[in-house]
Each structure stands twice: as structure tokens, then as C-alpha cells.
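S.K.: This is start-v3.cif (mmCIF, C-alpha atoms).
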data_coords
#
loop_
_atom_site.label_atom_id
_atom_site.label_comp_id
_atom_site.auth_asym_id
_atom_site.auth_seq_id
_atom_site.Cartn_x
_atom_site.Cartn_y
_atom_site.Cartn_z
CA LYS A 1 9.85 19.02 2.28
CA ASN A 2 13.08 18.13 4.06
CA GLY A 3 12.52 14.41 3.54
CA ILE A 4 12.53 13.53 7.24
CA ASN A 5 11.11 10.04 7.51
CA GLU A 6 12.95 8.65 10.53
CA ILE A 7 15.11 9.76 13.41
CA SER A 8 18.38 9.35 11.47
CA ASP A 9 17.20 11.96 8.92
CA LEU A 10 17.47 14.65 11.60
CA ARG A 11 21.27 14.59 11.47
CA SER A 12 21.34 16.65 8.27
CA GLN A 13 18.90 19.24 9.64
CA VAL A 14 19.81 19.79 13.28
CA PRO A 15 23.15 21.33 14.30
CA SER A 16 25.25 19.54 16.97
CA LEU A 17 23.23 16.32 16.55
CA GLN A 18 24.91 13.09 15.38
CA ILE A 19 22.89 9.96 14.63
CA THR A 20 24.54 6.79 13.31
CA PRO A 21 23.77 3.06 13.23
CA HIS A 22 25.50 1.01 15.88
CA PRO A 23 28.29 -1.28 14.56
CA ASN A 24 26.81 -4.26 16.42
CA SER A 25 23.36 -3.74 14.93
CA GLY A 26 22.04 -1.80 11.98
CA VAL A 27 18.63 -1.61 13.69
CA THR A 28 20.02 0.21 16.76
CA THR A 29 20.63 3.96 16.69
CA ARG A 30 23.42 5.87 18.43
CA ILE A 31 22.49 9.46 19.28
CA PHE A 32 24.99 12.12 20.32
CA MET A 33 24.07 15.71 21.10
CA ARG A 34 26.80 18.30 21.66
CA GLY A 35 29.23 15.38 21.94
CA VAL A 36 27.27 13.66 24.73
CA GLY A 37 25.93 10.19 23.98
CA ASN A 38 26.49 6.50 24.45
CA ASN A 39 28.48 4.13 22.22
CA ASP A 40 27.23 1.05 24.06
CA ASP A 41 24.06 -0.70 22.88
CA GLN A 42 23.90 -3.18 25.76
CA ILE A 43 20.77 -3.27 27.89
CA THR A 44 22.89 -2.49 30.96
CA GLN A 45 23.57 1.00 29.55
CA ASP A 46 20.95 3.72 29.23
CA PRO A 47 21.16 6.33 26.45
CA SER A 48 22.29 9.86 27.29
CA VAL A 49 19.86 11.48 24.86
CA ALA A 50 16.24 10.74 25.71
CA VAL A 51 13.73 9.98 22.94
CA TYR A 52 10.03 10.55 23.57
CA VAL A 53 7.03 9.75 21.39
CA ASP A 54 3.89 11.65 22.44
CA GLY A 55 5.27 12.07 25.94
CA VAL A 56 6.28 8.41 26.43
CA TYR A 57 9.97 7.70 27.04
CA VAL A 58 11.39 5.07 24.64
CA ALA A 59 14.13 3.28 26.58
CA ARG A 60 15.40 1.24 23.59
CA SER A 61 15.87 2.80 20.17
CA GLN A 62 14.74 -0.05 17.91
CA GLY A 63 11.45 0.52 16.10
CA MET A 64 9.80 2.68 13.46
CA VAL A 65 6.90 4.33 15.23
CA THR A 66 8.01 7.78 14.07
CA GLU A 67 8.19 6.68 10.43
CA VAL A 68 4.65 5.36 10.08
CA ALA A 69 2.95 8.11 12.10
CA GLU A 70 1.83 11.47 10.76
CA LEU A 71 4.16 13.85 12.59
CA GLU A 72 2.95 17.22 13.81
CA ARG A 73 6.37 18.43 14.91
CA ILE A 74 9.77 17.36 16.25
CA GLU A 75 11.38 19.06 19.23
CA VAL A 76 15.15 18.85 19.76
CA LEU A 77 16.19 20.09 23.21
CA ARG A 78 19.96 20.53 23.60
CA GLY A 79 21.80 20.17 26.86
CA PRO A 80 20.73 18.61 30.20
CA GLN A 81 16.96 18.50 30.66
CA GLY A 82 16.95 17.21 34.22
CA SER A 83 13.97 19.08 35.70
CA LEU A 84 11.38 17.79 33.26
CA TYR A 85 13.07 14.79 31.63
CA GLY A 86 15.07 13.05 34.35
CA ARG A 87 18.39 11.25 34.52
CA ASN A 88 18.54 9.98 30.91
CA ALA A 89 18.65 13.42 29.28
CA THR A 90 22.17 14.61 30.15
CA GLY A 91 22.87 15.28 26.47
CA GLY A 92 19.37 16.44 25.58
CA ALA A 93 15.99 15.14 24.48
CA ILE A 94 14.16 14.53 21.22
CA ASN A 95 10.37 14.70 21.22
CA PHE A 96 8.28 13.27 18.39
CA ILE A 97 4.76 14.70 18.52
CA THR A 98 2.35 12.84 16.24
CA ARG A 99 -0.77 14.41 14.79
CA ALA A 100 -3.95 13.38 16.58
CA PRO A 101 -6.82 11.88 14.57
CA GLN A 102 -9.01 14.63 13.09
CA LEU A 103 -12.73 14.84 13.97
CA ASP A 104 -13.70 16.87 10.90
CA GLU A 105 -11.68 15.42 8.04
CA LEU A 106 -11.77 12.26 5.96
CA ARG A 107 -8.21 11.94 4.68
CA ILE A 108 -6.32 9.31 2.70
CA LYS A 109 -2.63 9.90 2.03
CA GLN A 110 -0.42 7.60 -0.03
CA THR A 111 3.26 8.09 -0.83
CA VAL A 112 5.46 5.82 -2.95
CA THR A 113 9.22 6.10 -3.45
CA VAL A 114 11.37 4.06 -5.83
CA GLY A 115 15.11 4.20 -6.45
CA ASN A 116 18.24 2.29 -7.29
CA ASP A 117 19.45 -0.80 -5.40
CA ASN A 118 15.88 -2.14 -5.51
CA HIS A 119 14.72 0.68 -3.26
CA PHE A 120 10.96 0.79 -2.66
CA ARG A 121 8.99 2.59 0.03
CA THR A 122 5.24 2.85 0.46
CA ARG A 123 3.41 4.68 3.22
CA THR A 124 -0.35 4.82 3.73
CA ASN A 125 -2.28 6.93 6.23
CA ILE A 126 -6.07 7.01 6.61
CA ASN A 127 -8.08 9.29 8.92
CA VAL A 128 -11.81 8.56 9.41
CA PRO A 129 -14.15 10.63 11.62
CA ILE A 130 -16.96 8.67 13.29
CA GLY A 131 -19.73 10.95 14.44
CA GLU A 132 -18.86 14.25 16.11
CA THR A 133 -16.76 12.97 19.04
CA LEU A 134 -14.75 10.03 17.68
CA ALA A 135 -12.04 9.66 15.02
CA VAL A 136 -9.68 6.83 14.07
CA GLU A 137 -6.44 6.79 12.12
CA ALA A 138 -4.48 3.92 10.60
CA GLY A 139 -1.04 3.80 9.04
CA TYR A 140 1.14 1.25 7.25
CA MET A 141 4.66 1.49 5.89
CA TYR A 142 6.91 -0.92 4.01
CA MET A 143 10.46 -0.20 2.93
CA GLN A 144 13.17 -2.23 1.22
CA ARG A 145 16.61 -1.51 -0.17
CA ASP A 146 19.42 -3.84 -1.21
CA GLY A 147 22.90 -3.47 0.18
CA PHE A 148 25.87 -2.94 -2.14
CA VAL A 149 28.28 -5.52 -0.65
CA LYS A 150 27.80 -9.07 -1.91
CA ASN A 151 28.21 -11.98 0.49
CA ARG A 152 30.38 -14.62 -1.18
CA GLY A 153 29.91 -17.01 1.72
CA THR A 154 26.78 -18.86 2.77
CA GLY A 155 23.55 -17.36 4.05
CA VAL A 156 21.86 -14.15 2.87
CA LYS A 157 23.06 -12.71 -0.45
CA ARG A 158 24.19 -9.26 0.66
CA PHE A 159 25.36 -7.21 3.61
CA GLY A 160 23.33 -4.11 4.41
CA ASP A 161 19.90 -5.09 3.05
CA GLN A 162 16.93 -3.27 4.57
CA ARG A 163 13.54 -4.93 4.95
CA ARG A 164 11.21 -3.01 7.25
CA GLU A 165 7.48 -2.94 8.01
CA ALA A 166 5.45 -0.83 10.43
CA TRP A 167 1.81 -0.53 11.45
CA ARG A 168 0.03 2.05 13.59
CA GLY A 169 -3.50 2.71 14.77
CA ALA A 170 -4.78 5.71 16.72
CA LEU A 171 -8.11 6.75 18.25
CA LEU A 172 -9.36 10.08 19.57
CA TRP A 173 -12.47 10.47 21.73
CA LYS A 174 -13.46 14.04 22.52
CA PRO A 175 -16.82 14.17 24.29
CA SER A 176 -16.39 17.87 25.16
CA ASP A 177 -14.12 20.79 24.35
CA SER A 178 -12.36 20.44 27.71
CA PHE A 179 -11.76 16.67 27.82
CA ASN A 180 -10.32 14.09 25.41
CA ILE A 181 -8.76 10.63 25.47
CA ARG A 182 -6.21 9.59 22.87
CA TYR A 183 -4.96 6.03 22.31
CA SER A 184 -2.39 4.66 19.86
CA TYR A 185 -0.72 1.34 19.12
CA ASP A 186 2.33 0.76 16.92
CA ARG A 187 4.27 -2.28 15.77
CA SER A 188 7.54 -2.45 13.83
CA GLN A 189 9.30 -5.38 12.17
CA LEU A 190 12.94 -4.95 11.09
CA ASP A 191 14.62 -7.72 9.09
CA ASP A 192 17.80 -6.00 7.91
CA THR A 193 20.95 -7.95 7.11
CA PRO A 194 24.14 -7.15 9.04
CA VAL A 195 26.17 -4.18 7.86
CA PHE A 196 29.58 -4.83 6.26
CA MET A 197 32.53 -3.91 8.46
CA ALA A 198 35.57 -2.89 6.41
CA SER A 199 39.07 -1.80 7.41
CA VAL A 200 39.55 1.80 6.29
CA PRO A 201 43.11 3.24 6.33
CA LEU A 202 43.62 6.80 7.48
CA TYR A 203 45.02 8.12 4.19
CA GLY A 204 44.08 5.49 1.64
CA SER A 205 46.46 3.36 -0.39
CA ASP A 206 47.44 5.79 -3.16
CA PRO A 207 49.65 8.70 -1.99
CA VAL A 208 49.78 10.30 -5.46
CA PRO A 209 47.24 13.00 -6.51
CA PRO A 210 44.50 13.00 -7.68
CA ASN A 211 43.67 9.70 -5.91
CA ARG A 212 45.39 10.57 -2.66
CA GLY A 213 43.16 9.98 0.35
CA LYS A 214 40.60 7.96 -1.61
CA VAL A 215 39.63 4.50 -0.41
CA LYS A 216 37.99 2.05 -2.78
CA ARG A 217 34.62 0.94 -1.50
CA PRO A 218 34.29 -2.87 -1.15
CA THR A 219 31.75 -4.63 -3.33
CA GLU A 220 31.91 -8.14 -1.87
CA GLY A 221 32.76 -9.94 1.34
CA SER A 222 34.75 -13.09 2.08
CA GLU A 223 33.89 -16.57 0.86
CA TYR A 224 34.61 -17.78 4.42
CA VAL A 225 31.48 -16.14 5.87
CA LYS A 226 29.33 -18.96 7.24
CA ASP A 227 25.54 -18.87 7.47
CA LEU A 228 25.02 -15.11 7.55
CA LYS A 229 21.51 -14.42 8.87
CA ARG A 230 19.10 -11.51 8.85
CA ASN A 231 18.46 -9.54 11.99
CA ASP A 232 15.00 -9.93 13.51
CA SER A 233 13.65 -7.10 15.63
CA VAL A 234 10.02 -6.54 16.66
CA SER A 235 9.05 -3.44 18.65
CA GLN A 236 5.54 -2.52 19.73
CA GLY A 237 3.85 -0.19 22.14
CA HIS A 238 0.67 1.34 23.55
CA ASN A 239 0.02 4.96 24.51
CA LEU A 240 -3.04 6.23 26.41
CA THR A 241 -3.25 9.98 27.09
CA ALA A 242 -6.14 11.74 28.84
CA THR A 243 -6.30 15.54 28.89
CA TRP A 244 -8.70 17.65 30.98
CA GLU A 245 -8.78 21.43 30.81
CA VAL A 246 -10.12 22.15 34.28
CA ALA A 247 -10.01 25.90 33.72
CA ASP A 248 -8.44 28.42 31.37
CA ALA A 249 -5.31 28.46 33.56
CA LEU A 250 -5.09 24.76 34.52
CA THR A 251 -4.77 21.54 32.48
CA LEU A 252 -4.46 18.06 33.98
CA LYS A 253 -2.94 15.26 31.94
CA SER A 254 -2.33 11.52 32.37
CA ILE A 255 0.14 9.72 30.08
CA THR A 256 0.31 5.92 30.24
CA GLY A 257 2.76 3.96 28.10
CA TYR A 258 3.65 0.30 27.65
CA ARG A 259 6.28 -0.95 25.21
CA LYS A 260 8.06 -4.21 24.54
CA LEU A 261 10.92 -5.32 22.32
CA ASN A 262 11.95 -8.73 21.05
CA SER A 263 15.19 -8.46 19.11
CA TRP A 264 17.86 -10.75 17.68
CA THR A 265 20.84 -9.20 15.92
CA ASN A 266 24.15 -10.53 14.62
CA GLN A 267 27.33 -9.11 13.17
CA ASN A 268 30.34 -10.44 11.27
CA TYR A 269 33.44 -8.28 11.80
CA LEU A 270 36.08 -7.87 9.06
CA ALA A 271 35.69 -11.28 7.39
CA GLY A 272 38.29 -11.56 4.64
CA VAL A 273 39.84 -8.19 5.50
CA LEU A 274 42.38 -9.14 8.16
CA GLY A 275 42.49 -12.82 7.19
CA PRO A 276 40.19 -15.46 5.74
CA PHE A 277 37.93 -15.63 8.81
CA ALA A 278 35.98 -13.03 10.75
CA VAL A 279 37.84 -11.34 13.57
CA ILE A 280 34.71 -11.60 15.74
CA GLU A 281 31.26 -13.02 15.14
CA SER A 282 28.64 -11.81 17.59
CA SER A 283 24.92 -12.25 18.16
CA ASN A 284 22.62 -10.64 20.68
CA ALA A 285 19.15 -11.73 21.78
CA LEU A 286 17.04 -9.28 23.79
CA LYS A 287 13.58 -9.27 25.34
CA GLN A 288 12.54 -6.04 26.99
CA LYS A 289 9.35 -4.47 28.32
CA GLN A 290 8.65 -1.14 29.98
CA PHE A 291 5.74 0.63 31.66
CA THR A 292 5.47 4.36 32.33
CA GLN A 293 2.86 6.46 34.09
CA GLU A 294 2.94 10.22 34.35
CA PHE A 295 0.56 12.81 35.80
CA GLN A 296 0.96 16.48 34.89
CA ALA A 297 -0.55 19.76 36.04
CA ILE A 298 0.16 22.62 33.63
CA GLY A 299 -1.05 26.10 34.41
CA GLU A 300 -0.58 29.81 34.98
CA ILE A 301 -0.87 32.10 37.99
CA GLY A 302 -1.77 35.55 36.79
CA ASP A 303 0.20 36.93 33.88
CA ARG A 304 3.63 36.41 35.42
CA PHE A 305 3.91 32.76 36.48
CA LYS A 306 3.72 29.59 34.40
CA TYR A 307 4.30 26.18 35.96
CA VAL A 308 4.48 22.44 35.34
CA LEU A 309 4.06 19.94 38.19
CA GLY A 310 4.21 16.19 37.79
CA LEU A 311 4.55 12.68 39.17
CA TYR A 312 6.36 9.98 37.19
CA TYR A 313 6.88 6.22 37.42
CA PHE A 314 9.03 4.00 35.18
CA ASP A 315 9.42 0.21 35.32
CA GLU A 316 11.62 -1.79 32.94
CA LYS A 317 12.68 -5.43 32.76
CA ALA A 318 14.87 -7.09 30.16
CA ASP A 319 16.77 -10.32 29.51
CA GLY A 320 19.62 -10.70 27.07
CA LEU A 321 22.01 -13.29 25.71
CA GLU A 322 25.28 -12.25 24.07
CA VAL A 323 27.37 -14.76 22.13
CA SER A 324 30.83 -13.85 20.83
CA ALA A 325 33.14 -16.06 18.78
CA GLN A 326 36.62 -15.71 17.29
CA PRO A 327 36.75 -18.35 14.53
CA ALA A 328 40.49 -18.02 13.90
CA ARG A 329 41.24 -18.82 17.55
CA ARG A 330 38.36 -21.27 17.91
CA GLN A 331 37.12 -19.37 20.94
CA ARG A 332 33.51 -18.81 21.96
CA SER A 333 31.95 -17.08 24.94
CA GLU A 334 28.43 -16.45 26.20
CA ARG A 335 27.00 -13.94 28.63
CA THR A 336 23.47 -13.68 30.01
CA LEU A 337 22.09 -10.35 31.17
CA HIS A 338 19.10 -9.39 33.28
CA ILE A 339 18.03 -5.89 34.28
CA GLU A 340 15.26 -4.46 36.40
CA ASN A 341 14.88 -0.68 36.55
CA LYS A 342 12.42 1.30 38.60
CA ALA A 343 12.33 5.08 38.74
CA TYR A 344 10.09 7.43 40.70
CA ALA A 345 9.98 11.19 40.36
CA ALA A 346 8.14 14.25 41.57
CA TYR A 347 9.07 17.35 39.65
CA GLY A 348 8.17 20.98 39.20
CA GLN A 349 9.23 23.90 37.07
CA VAL A 350 8.16 27.54 37.30
CA THR A 351 8.83 30.41 34.89
CA TYR A 352 8.49 34.00 36.10
CA THR A 353 8.30 36.92 33.68
CA PRO A 354 9.10 40.17 35.53
CA PRO A 355 7.55 43.43 34.28
CA VAL A 356 10.79 44.68 32.74
CA LEU A 357 12.34 44.71 29.26
CA ASP A 358 8.92 44.54 27.63
CA ASP A 359 8.30 41.05 29.07
CA ARG A 360 11.31 39.65 27.20
CA LEU A 361 13.08 38.43 30.34
CA HIS A 362 12.10 35.01 31.74
CA LEU A 363 13.44 33.36 34.90
CA THR A 364 12.96 29.60 35.14
CA GLY A 365 13.64 27.31 38.10
CA GLY A 366 13.00 23.59 38.51
#
So that I can check it, write out the structure of this file as C-alpha cells.

M.R.:
Amino acid sequence: KNGINEISDLRSQVPSLQITPHPNSGVTTRIFMRGVGNNDDQITQDPSVAVYVDGVYVARSQGMVTEVAELERIEVLRGPQGSLYGRNATGGAINFITRAPQLDELRIKQTVTVGNDNHFRTRTNINVPIGETLAVEAGYMYMQRDGFVKNRGTGVKRFGDQRREAWRGALLWKPSDSFNIRYSYDRSQLDDTPVFMASVPLYGSDPVPPNRGKVKRPTEGSEYVKDLKRNDSVSQGHNLTATWEVADALTLKSITGYRKLNSWTNQNYLAGVLGPFAVIESSNALKQKQFTQEFQAIGEIGDRFKYVLGLYYFDEKADGLEVSAQPARRQRSERTLHIENKAYAAYGQVTYTPPVLDDRLHLTGG
């Protein structure tokens, strides 16, 4: 009902949460929670707000897995989440929980949206039960929208076009009431054009009411833009989760995730605004892959203690190439980047509910 289709739609629904596209890349998201975040989209910088999809940490924000999936709920956790979420959640964490395939329901859902600026969005989800213990789900989404700033130079016709596709498949095997295995695969293709970077004065150009403070929105770029290209970003990932309810008060869970990203983005800064040529032209190529493995024990001891214990492993490798040029000065520079991250963790958290205040007081330590 709230029209939440992607992570950026949360900014109008969640207090103290800011989500904006990065200036270097329209396919990269900047997330700030309570003022804590990261302006840098380089692979040498980790985000300060952690994003999880079905328990798997997503180290790089490109991709549309949350748009094509059928979401069960979204959790926004404000403030440091160190005990359960580790070093990359100093600002908070956002959890996307997708709906598991249903064993007892054949469901086909189709949504279509049309609008101005050649806007078109179609989303298809199909759930098929197979026997009594197996169910599969498939999803597809395509979205397009034209930008409103014309490119007078060479290359693509407009700044700010959106061309996006996403696929997802999921499988649930539940041989008994106490044990199930869930697998999902997603793939996203983003072919947006670069956003238009304009110079915006603080108070506008007209000091006389009623136009004071208003800035006229640009409708076209400079004729000196050369060979403007689309961005090209492909993100995909696997998730394998096994859950075993050993007893009423103990559940064991294994979460295995593998994701990879192949992205090329470019940006043309202020072409025709501060002179005939762009102030800076930049392009970034990135190849990244990550593997995560987590084991959890979730349980209760009597009526007063609830606990979570876990082991975690994270492995990430990435290579990048950044090219920056200043056409007016005829300067060009290149930088190659390589990262290797490994993280290990053992964690625990216990909540005790003392028999006072009608069980409304909870003490948690981690």
C-alpha cells in the first residue's frame, strides 16, 4: 500500500533514514541512519549501515534483489548493532526478509505500472507447490523510465534514463515440520544512463518574490559532451539456508551466501555549466565477489532467558579501475584497486526478563 518497491522507497516511510543515489553512480545507493553513513562508493570503503537479504550481508549496494522478490517484512534497526551484526553496522542495519515459497498455494501475481516520461514497470511472481514437501517460486521484473535532461552531445540521448531488469528463483524443501532447506538465486541488470550534475545556487537567481529562491530545472546538457555511455552493472547471488528445530526451545540454523558484482559506471560532471567542457569525467570498473557462512543457535532457558549464539565467516575480494579526466586541462589519471577482506566472529546475546513490572522489563547483554 505504501508503494515500497526498492530500498530507496524507505526514505519516505522511516524516520531518521536518508537514502540517495551516489553522484558518481546512479546505480549505487548511499544510506545514512541518524546521520551516520558513508559518502564514499569506493571498494576500499565499507558502508556504515549494513544491508541484509534473508540473513546474508550485502557488501555492495548495487542490485535489485529486493525489488523482484516477494517481501514478507523489512526491519530497520537504528543505532550500532555490534553484537549481532558486526563492524559494518555502526549506523544501523536494514533487513529484507523475503517470503518463502508456499507449499499449499498455487499463486500467480502480475503488476503493471505506466506513467509519464515513458515509464513502464512490470513484475511477475509465480509460486508452484510440487507434492507435499517441495515448492518453487520464480520472479521477473523490468522497469524503464526516461530522464528529463537531453544530451546535446554525442552518445546516449538523455541523462538519467533508467533501464533495469531482475530475475529471481527460490526453492523450499520441507521434509518434516522441524527441518527445511531454502535456496534462492537472484540476478540484476542495471543499464541506467549517468545522472545530470547541475550547479545549483543557494538562493536562486531571482531575488524578487514570488520567484525568490526558485531555481530553473535544466532540460538539456552541453553540446560538448563526448560519447556519453550507459552504465552497466550486473549483480547476482546465491542463498542457502537450512533450519532445524531440535526442540521447542532450540533452533539451529546455517546460512550460506555467495554474491558477485561486475559493474562499470561513468559520470560527466557539470558539462556546459562552468564552461564548455566537463569539469571532470570519471569512469569506474569493478569486479567483486563475496562468500559468507553463518551458524546460529537460537533458544530459551526456562521462561526468563532467551539467547542467540553464532559463528560467522566473511570473505571478499574485489578489483577496480578508476579513470578520471579533466578535459579543459587535458589531464587524465588512472588508479587500480585491489581488496581482500576476511572476517571471523563468534558472538552471543542473552536477554533476561526478571519477574518484576509484569514482565515488561528486559535486560540484554551481548

S.K.: Once the PyMOL selection byres ((chain A and resi 311) around 8) has been applied to the shown file, what residues remain in the selection, as a short mmCIF file (atom, residue, chain, number, x, y, z; two decimals) with C-alpha atoms, in the frame of the given file?

M.R.:
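Result file follows (selection05.cif):
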data_model
loop_
_atom_site.label_atom_id
_atom_site.label_comp_id
_atom_site.auth_asym_id
_atom_site.auth_seq_id
_atom_site.Cartn_x
_atom_site.Cartn_y
_atom_site.Cartn_z
CA GLU A 294 2.94 10.22 34.35
CA PHE A 295 0.56 12.81 35.80
CA GLN A 296 0.96 16.48 34.89
CA LEU A 309 4.06 19.94 38.19
CA GLY A 310 4.21 16.19 37.79
CA TYR A 312 6.36 9.98 37.19
CA TYR A 313 6.88 6.22 37.42
CA TYR A 344 10.09 7.43 40.70
CA ALA A 345 9.98 11.19 40.36
CA ALA A 346 8.14 14.25 41.57
CA TYR A 347 9.07 17.35 39.65
#

S.K.: Spell out the residues picked by the PyMOL selection byres ((chain A and resi 162) around 8) here, as a ChimeraX atom specification.

M.R.: /A:143-147,160-161,163-164,190-193

S.K.: Let me make sure I understand: among A:Asp227, A:Asp248, A:Glu300, A:Glu322, which one has the smallest atom-to-atom distance to Trp264 in chain A if we use all atoms listed in the file?

M.R.: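 That would be A:Glu322, the residue with the smallest distance to Trp264 in chain A.
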
S.K.: Translate the PyMOL selection byres ((chain A and resi 40-53) around 7) into a concrete residue list for this structure, as a ChimeraX atom specification.

M.R.: /A:31-32,36-39,54-58,88-97,339

S.K.: Find the distance between CA of Thr111 in chain A and CA of Asn231 in chain A and write it in Å to one decimal.

M.R.: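 These atoms are spaced 26.6 Å apart.
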
S.K.: Which of these, A:Leu270, A:Leu250, A:Leu84, A:Ile255, has the shortest distance to Gly348 in chain A once you count all atoms listed in the file?

M.R.: A:Leu84

S.K.: Here's a test: counting only C-alpha atoms, identify every protein, DNA and RNA residue with an atom at most 12 Å from (20.4, 19.3, 11.7) in the file's coordinate frame, and state them as a VMD selection string.

M.R.: chain A and resid 2 4 7 to 19 33 to 34 74 to 76 78

S.K.: Neighbouring residues of Tyr140 in chain A were defined as those with any atom within 6 Å, considering all atoms listed in the file; residues of the same chain fewer than 6 positions away were excluded. Please report them as an MDAnalysis selection string.

M.R.: chainID A and resid 123:124 166:167

S.K.: Expressed in Å to a single decimal, how great is the separation between CA of Ser178 in chain A and CA of Ile301 in chain A?

M.R.: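 If I compute the distance from CA of Ser178 in chain A to CA of Ile301 in chain A, I get 19.3 Å.
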
S.K.: Counting only C-alpha atoms, I want the residues whose atoms come within 8 Å of (22.2, -8.8, 24.7) in the file frame, returned as a ChimeraX atom specification.

M.R.: /A:42-43,283-286,319-322,336-337

S.K.: Produce range 310-328 of chain A of the given structure as output with N, CA and C atoms, as a short mmCIF file (atom, residue, chain, number, x, y, z; two decimals), in the first residue's frame.

M.R.:
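Written output follows (selection_13.cif):
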data_model
loop_
_atom_site.label_atom_id
_atom_site.label_comp_id
_atom_site.auth_asym_id
_atom_site.auth_seq_id
_atom_site.Cartn_x
_atom_site.Cartn_y
_atom_site.Cartn_z
N GLY A 310 26.36 -17.69 17.88
CA GLY A 310 26.67 -17.87 16.47
C GLY A 310 28.15 -17.83 16.15
N LEU A 311 28.47 -18.39 14.99
CA LEU A 311 29.79 -18.31 14.37
C LEU A 311 29.62 -17.72 12.99
N TYR A 312 30.55 -16.87 12.57
CA TYR A 312 30.41 -16.15 11.30
C TYR A 312 31.74 -16.07 10.58
N TYR A 313 31.67 -16.19 9.25
CA TYR A 313 32.86 -16.05 8.40
C TYR A 313 32.49 -15.25 7.16
N PHE A 314 33.34 -14.30 6.79
CA PHE A 314 33.11 -13.44 5.63
C PHE A 314 34.40 -13.33 4.83
N ASP A 315 34.31 -13.50 3.52
CA ASP A 315 35.48 -13.43 2.63
C ASP A 315 35.07 -12.64 1.40
N GLU A 316 35.83 -11.58 1.10
CA GLU A 316 35.52 -10.71 -0.03
C GLU A 316 36.79 -10.38 -0.80
N LYS A 317 36.68 -10.39 -2.13
CA LYS A 317 37.77 -9.96 -2.99
C LYS A 317 37.19 -9.06 -4.08
N ALA A 318 37.95 -8.06 -4.47
CA ALA A 318 37.47 -7.14 -5.50
C ALA A 318 38.64 -6.47 -6.19
N ASP A 319 38.44 -6.16 -7.46
CA ASP A 319 39.41 -5.40 -8.26
C ASP A 319 38.68 -4.25 -8.91
N GLY A 320 39.34 -3.10 -8.95
CA GLY A 320 38.71 -1.93 -9.54
C GLY A 320 39.69 -1.10 -10.34
N LEU A 321 39.16 -0.36 -11.29
CA LEU A 321 39.93 0.57 -12.11
C LEU A 321 39.16 1.88 -12.17
N GLU A 322 39.80 2.96 -11.70
CA GLU A 322 39.18 4.28 -11.71
C GLU A 322 39.95 5.19 -12.67
N VAL A 323 39.22 5.80 -13.59
CA VAL A 323 39.81 6.71 -14.57
C VAL A 323 39.15 8.07 -14.40
N SER A 324 39.96 9.11 -14.25
CA SER A 324 39.47 10.46 -14.08
C SER A 324 40.15 11.39 -15.06
N ALA A 325 39.36 12.24 -15.72
CA ALA A 325 39.91 13.15 -16.72
C ALA A 325 39.34 14.55 -16.53
N GLN A 326 40.17 15.55 -16.78
CA GLN A 326 39.74 16.95 -16.79
C GLN A 326 39.99 17.49 -18.20
N PRO A 327 38.97 17.45 -19.06
CA PRO A 327 39.16 17.82 -20.47
C PRO A 327 39.72 19.22 -20.66
N ALA A 328 39.28 20.18 -19.85
CA ALA A 328 39.74 21.56 -20.04
C ALA A 328 41.25 21.67 -19.81
#
